[in-house]
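Asks: One file is attached below, target_10.cif, containing mmCIF, C-alpha atoms and all ligand atoms.
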data_input
loop_
_atom_site.label_atom_id
_atom_site.label_comp_id
_atom_site.auth_asym_id
_atom_site.auth_seq_id
_atom_site.Cartn_x
_atom_site.Cartn_y
_atom_site.Cartn_z
CA MET D 1193 59.86 150.35 106.71
CA PRO D 1194 59.57 154.16 106.43
CA SER D 1195 57.59 156.07 109.07
CA ILE D 1196 55.08 158.20 107.21
CA GLY D 1197 52.92 160.70 109.05
CA VAL D 1198 49.61 161.98 107.76
CA PHE D 1199 48.73 165.49 108.94
CA ALA D 1200 45.50 164.84 110.81
CA LEU D 1201 44.19 168.08 112.31
CA GLN D 1202 41.80 168.41 109.37
CA GLY D 1203 41.00 166.62 106.14
CA ASP D 1204 40.83 163.32 104.53
CA VAL D 1205 43.23 161.22 106.60
CA ARG D 1206 41.97 157.65 106.77
CA GLU D 1207 42.34 156.66 103.10
CA HIS D 1208 45.92 157.93 103.06
CA LEU D 1209 46.73 155.84 106.15
CA GLN D 1210 45.16 152.77 104.53
CA THR D 1211 46.98 153.26 101.21
CA LEU D 1212 50.36 153.83 102.89
CA THR D 1213 49.89 150.85 105.21
CA ALA D 1214 48.96 148.62 102.26
CA LEU D 1215 52.24 149.66 100.61
CA GLY D 1216 54.20 148.54 103.67
CA ALA D 1217 54.82 151.90 105.36
CA ASP D 1218 54.47 152.52 109.09
CA ALA D 1219 51.71 155.13 108.68
CA PHE D 1220 50.33 157.20 111.56
CA SER D 1221 48.40 160.41 112.26
CA VAL D 1222 50.25 163.62 113.09
CA ARG D 1223 48.51 166.09 115.40
CA ARG D 1224 51.40 167.32 117.56
CA PRO D 1225 55.07 168.26 117.16
CA SER D 1226 56.33 165.06 118.87
CA GLU D 1227 54.56 162.98 116.20
CA LEU D 1228 56.05 165.12 113.45
CA GLU D 1229 59.53 164.38 114.79
CA ARG D 1230 59.02 160.65 114.13
CA CYS D 1231 58.31 161.16 110.42
CA ASP D 1232 60.63 160.08 107.61
CA GLY D 1233 58.03 161.59 105.30
CA LEU D 1234 54.69 163.38 105.59
CA VAL D 1235 51.42 163.46 103.68
CA LEU D 1236 49.27 166.61 103.76
CA PRO D 1237 45.75 165.42 102.87
CA GLY D 1238 42.87 167.08 101.06
CA GLY D 1239 40.37 169.06 103.07
CA GLU D 1240 40.05 172.80 103.51
CA SER D 1241 43.33 174.65 103.30
CA THR D 1242 42.31 177.78 105.24
CA THR D 1243 41.07 175.66 108.17
CA MET D 1244 44.11 173.42 107.93
CA ALA D 1245 46.47 176.39 108.18
CA LYS D 1246 44.58 177.91 111.11
CA LEU D 1247 44.58 174.63 113.04
CA ALA D 1248 48.26 174.06 112.29
CA ARG D 1249 48.95 177.52 113.73
CA THR D 1250 46.69 176.95 116.78
CA PHE D 1251 48.22 173.56 117.60
CA GLU D 1252 51.76 174.90 117.17
CA LEU D 1253 52.52 172.70 114.19
CA LEU D 1254 52.94 175.35 111.50
CA GLU D 1255 56.49 176.45 112.38
CA PRO D 1256 57.71 172.88 113.02
CA LEU D 1257 56.20 171.86 109.66
CA ARG D 1258 57.98 174.74 107.93
CA ALA D 1259 61.24 173.77 109.58
CA ARG D 1260 61.01 170.07 108.64
CA VAL D 1261 60.07 170.88 105.03
CA ARG D 1262 62.94 173.37 104.80
CA GLU D 1263 65.36 170.77 106.20
CA GLY D 1264 64.37 168.31 103.47
CA MET D 1265 61.68 166.01 104.88
CA PRO D 1266 59.92 164.40 101.90
CA THR D 1267 56.38 165.78 101.85
CA PHE D 1268 53.43 164.98 99.61
CA GLY D 1269 50.46 167.36 99.48
CA THR D 1270 47.16 166.35 97.89
CA CYS D 1271 44.56 168.99 96.95
CA ALA D 1272 44.36 171.25 100.04
CA GLY D 1273 47.75 169.74 100.91
CA MET D 1274 49.09 171.03 97.58
CA ILE D 1275 47.87 174.50 98.59
CA MET D 1276 49.62 174.10 101.97
CA LEU D 1277 52.93 173.38 100.23
CA ALA D 1278 52.68 176.24 97.73
CA ASP D 1279 54.82 179.35 98.09
CA ARG D 1280 52.07 181.46 96.50
CA ILE D 1281 48.26 181.15 96.35
CA GLU D 1282 45.67 182.79 94.12
CA GLY D 1283 42.10 182.83 95.38
CA GLY D 1284 43.15 182.43 98.99
CA THR D 1285 41.81 184.45 101.89
CA ALA D 1286 43.74 187.64 102.68
CA ASP D 1287 45.49 186.17 105.72
CA GLN D 1288 45.86 182.59 104.47
CA GLU D 1289 49.15 181.03 105.59
CA THR D 1290 50.89 178.06 104.03
CA ILE D 1291 53.82 175.86 104.94
CA GLY D 1292 55.43 176.69 101.60
CA GLY D 1293 58.57 175.26 100.08
CA LEU D 1294 57.19 174.37 96.67
CA ASP D 1295 58.06 177.12 94.18
CA VAL D 1296 54.64 177.30 92.55
CA THR D 1297 51.61 179.55 92.38
CA VAL D 1298 48.47 177.51 93.05
CA ARG D 1299 44.98 178.67 92.14
CA ARG D 1300 42.37 177.48 94.62
CA ASN D 1301 39.08 176.02 93.34
CA ALA D 1302 40.51 176.49 89.87
CA PHE D 1303 38.27 174.17 87.89
CA GLY D 1304 35.25 176.33 88.61
CA ARG D 1305 31.98 176.11 90.44
CA GLN D 1306 30.02 174.18 87.84
CA VAL D 1307 32.54 171.38 88.00
CA ASP D 1308 32.93 170.81 91.73
CA SER D 1309 34.34 167.39 91.09
CA PHE D 1310 35.31 165.20 88.17
CA GLU D 1311 37.46 162.21 87.37
CA ALA D 1312 40.00 161.65 84.62
CA ASP D 1313 42.65 159.14 83.58
CA LEU D 1314 45.89 161.09 83.25
CA PRO D 1315 49.33 160.16 81.96
CA PHE D 1316 51.80 160.55 84.85
CA ALA D 1317 55.54 160.98 84.28
CA GLY D 1318 57.44 157.83 85.17
CA LEU D 1319 54.36 155.62 85.43
CA ALA D 1320 53.59 153.21 82.61
CA ASP D 1321 49.79 153.53 82.62
CA PRO D 1322 47.52 156.54 83.23
CA VAL D 1323 46.51 157.35 86.80
CA HIS D 1324 42.83 157.53 87.75
CA ALA D 1325 42.51 161.03 89.20
CA VAL D 1326 39.59 162.22 91.35
CA PHE D 1327 39.32 166.02 91.58
CA ILE D 1328 37.19 167.62 94.35
CA ARG D 1329 37.04 171.44 94.36
CA ALA D 1330 40.59 171.14 93.21
CA PRO D 1331 43.34 173.68 92.71
CA TRP D 1332 45.64 173.73 89.71
CA VAL D 1333 49.18 174.99 89.39
CA GLU D 1334 49.17 178.36 87.70
CA ARG D 1335 52.95 178.97 87.52
CA THR D 1336 56.00 176.86 88.28
CA GLY D 1337 59.52 177.90 89.27
CA PRO D 1338 62.56 176.59 87.35
CA ASP D 1339 63.18 173.59 89.64
CA VAL D 1340 59.64 172.25 89.47
CA GLU D 1341 58.94 169.20 87.33
CA VAL D 1342 55.39 168.74 86.01
CA LEU D 1343 54.29 165.11 86.41
CA ALA D 1344 50.71 165.36 85.12
CA GLN D 1345 48.35 167.88 83.54
CA SER D 1346 44.62 168.27 83.13
CA GLN D 1347 42.91 170.77 80.84
CA GLY D 1348 46.29 172.29 80.04
CA HIS D 1349 47.28 172.94 83.66
CA PRO D 1350 49.78 171.12 85.87
CA VAL D 1351 47.98 168.96 88.44
CA ALA D 1352 50.94 166.94 89.71
CA VAL D 1353 54.38 168.43 90.39
CA ARG D 1354 57.64 167.56 92.05
CA GLN D 1355 60.51 169.70 93.30
CA GLY D 1356 63.20 167.54 94.89
CA HIS D 1357 61.79 166.11 98.12
CA LEU D 1358 58.40 167.82 97.65
CA MET D 1359 55.50 166.47 95.62
CA ALA D 1360 51.92 167.62 95.17
CA THR D 1361 48.80 166.58 93.30
CA SER D 1362 45.60 168.58 92.74
CA PHE D 1363 43.68 165.32 92.78
CA HIS D 1364 43.07 162.66 95.45
CA PRO D 1365 45.20 159.58 94.72
CA GLU D 1366 43.92 158.02 97.97
CA VAL D 1367 40.39 157.89 96.50
CA ASP D 1368 39.90 155.13 93.91
CA GLY D 1369 43.65 155.00 93.32
CA ASP D 1370 45.81 151.93 92.85
CA GLY D 1371 48.64 153.05 95.12
CA ARG D 1372 51.12 153.94 92.38
CA VAL D 1373 51.20 157.67 93.20
CA HIS D 1374 51.82 156.91 96.89
CA ARG D 1375 54.48 154.39 95.82
CA TYR D 1376 56.09 157.18 93.78
CA PHE D 1377 56.21 159.27 96.96
CA LEU D 1378 57.63 156.39 99.03
CA ASP D 1379 60.40 156.08 96.42
CA ILE D 1380 61.26 159.76 97.10
CA VAL D 1381 61.36 158.98 100.83
CA GLY D 1382 63.74 156.15 99.93
N1 LIG D 1401 39.06 173.76 97.84
C1 LIG D 1401 39.81 173.29 98.97
C2 LIG D 1401 40.74 174.35 99.52
O1 LIG D 1401 40.88 175.37 98.95
C3 LIG D 1401 40.61 172.05 98.59
C4 LIG D 1401 39.68 170.91 98.26
C5 LIG D 1401 40.20 169.56 98.57
O2 LIG D 1401 41.20 169.41 99.28
N2 LIG D 1401 39.50 168.56 98.11
O3 LIG D 1401 41.33 174.14 100.54
#
In C-alpha cells, what does this structure look like?
Ligand code: GLN

Replies:
Amino acid sequence: MPSIGVFALQGDVREHLQTLTALGADAFSVRRPSELERCDGLVLPGGESTTMAKLARTFELLEPLRARVREGMPTFGTCAGMIMLADRIEGGTADQETIGGLDVTVRRNAFGRQVDSFEADLPFAGLADPVHAVFIRAPWVERTGPDVEVLAQSQGHPVAVRQGHLMATSFHPEVDGDGRVHRYFLDIVG
C-alpha cells in the first residue's frame, strides 16, 4: 500500500484523502517536513497558489518539497497544485515562488473572469472513457518543454500533463471524479 501525502497547509485536502483512501492508498496530510519524509508520493491540492507558496516557505516545507521533487518523488498537482509544480508562471504575483520541476509555463486564472468555473468531459490519454473535469478559476498550460506529455486538453490548451514522475491537471479530479485520474497517479507511484 503506497503512502501518499496530501499537502495540507492550504487548499482542498479532504476529497483527495478520501479518493486516495478509497483506492487503497495510505493517505495522510502533510504539514511538516517529518510527514513529507514518509511519502512515497505527494498530491498538491487546489486552493490559492500564492498563499500555498507563502505557507510552504513559512513552515519550512518549500525547500524540502523542492528536494523531494528533484530526487524523483512522484507528485501530482491539481489546479493551484499544477501552478506549484510549474517552472514558469504567467499572471503570478511578482514574488510568487513555486516548487517547480515541471518544464511548463502555466497561465493562472487562464479561462477568464466570466467563466470562473465550468465542467467538461475530456478525453484523457490512456483512459478508455472521457474524464469528468471540474475547473475552478483554473490555470492552463501555455507552453510545454520537450519531455512533457499532454494527457488532456480543453479549448485548445493542455489541462493535464505528465513529465516522468510529475503529473498535473488544471481541473479537480477529486471533485465529482471516479478515481481514474488518481489511479493513473498511483500507477506512476508504482
Ligand atoms: N486561481 C488559483 C490560483 O491561482 C487556483 C484555483 C484552484 O486551485 N482552484 O492559485

Asks: Calculated over only C-alpha atoms and all ligand atoms, which of the candidates D:Val1333, D:Val1381, D:Leu1236, D:Ala1248 has the smallest distance to ligand LIG 1401 (chain D)?

Replies: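 Comparing D:Val1333, D:Val1381, D:Leu1236, D:Ala1248 against ligand LIG 1401 (chain D), the winner is D:Leu1236.
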
Asks: Can you tell me which residues come within 6 Å of ligand LIG 1401 (chain D) when counting all atoms listed in the file, ideally as a list in words?

Replies: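 After applying the 6 Å limit, what remains is Gly1238, Gly1239, Glu1240, Ser1241, Cys1271, Ala1272, Arg1300, Asn1301, Ile1328, Arg1329 and Ala1330 of chain D.
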
Asks: Grab the CA of Val1326 in chain D to CA of Phe1363 in chain D distance for me, in Å with one decimal place.

Replies: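 Separating CA of Val1326 in chain D from CA of Phe1363 in chain D is a distance of 5.3 Å.
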
Asks: Using only C-alpha atoms, give me every residue within 12 Å of (44.0, 173.6, 92.9) in file coordinates, as a ChimeraX atom specification.

Replies: /D:1238-1241,1269-1278,1280-1284,1296-1304,1308-1309,1327-1335,1345-1346,1349-1353,1360-1364

Asks: Here is a test: counting only C-alpha atoms, which residue of D:Leu1234, D:Leu1314, D:Met1265, D:Val1222 is nearest to Phe1251 in chain D?

Replies: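 Smallest distance to Phe1251 in chain D is found for D:Val1222.
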
Asks: For CA of Glu1341 in chain D and CA of Met1359 in chain D, quote the distance in Å rounded to one decimal.

Replies: 9.4 Å

Asks: Of the candidates D:Leu1358, D:Ala1312, D:Met1193, D:Leu1254, which one gets nearest to Ala1344 in chain D if we count only C-alpha atoms?

Replies: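 Distance minimum relative to Ala1344 in chain D lands on D:Ala1312.
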
Asks: One decimal, in Å: what's the spacing between CA of Val1373 in chain D and CA of Leu1319 in chain D?

Replies: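 So the two atoms, CA of Val1373 in chain D and CA of Leu1319 in chain D, lie 8.6 Å apart.
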
Asks: Identify which of the residues D:Arg1224, D:His1324, D:Arg1230, D:Arg1262 lies closest to Arg1249 in chain D, counting only C-alpha atoms when measuring atom-to-atom distances.

Replies: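 Under the stated criterion, the closest residue is D:Arg1224.
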
Asks: With all atoms listed in the file as the atoms that count, which of D:Phe1377, D:Leu1294, D:Thr1285, D:Val1340 lies nearest to Pro1365 in chain D?

Replies: D:Phe1377

Asks: Return the single residue from D:Thr1242, D:Ser1221, D:Gln1355, D:Thr1290 that is closest to Arg1258 in chain D, with distances computed using only C-alpha atoms.

Replies: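 Of D:Thr1242, D:Ser1221, D:Gln1355, D:Thr1290, the one nearest Arg1258 in chain D is D:Thr1290, counting only C-alpha atoms.
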
Asks: Mind giving me the axis-aligned box for range 1347-1361 of chain D with 4 Å on every side, centre plus edges in Å to one decimal, as JSON?

Replies:
{"center_x": 53.1, "center_y": 169.5, "center_z": 89.1, "size_x": 28.3, "size_y": 14.8, "size_z": 26.1}

Asks: Is there a way to get, as a PyMOL selection string, all residues within 12 Å of the point (64.8, 174.2, 85.4) in file coordinates, counting only C-alpha atoms?

Replies: chain D and resi 1295+1336-1342+1354-1356
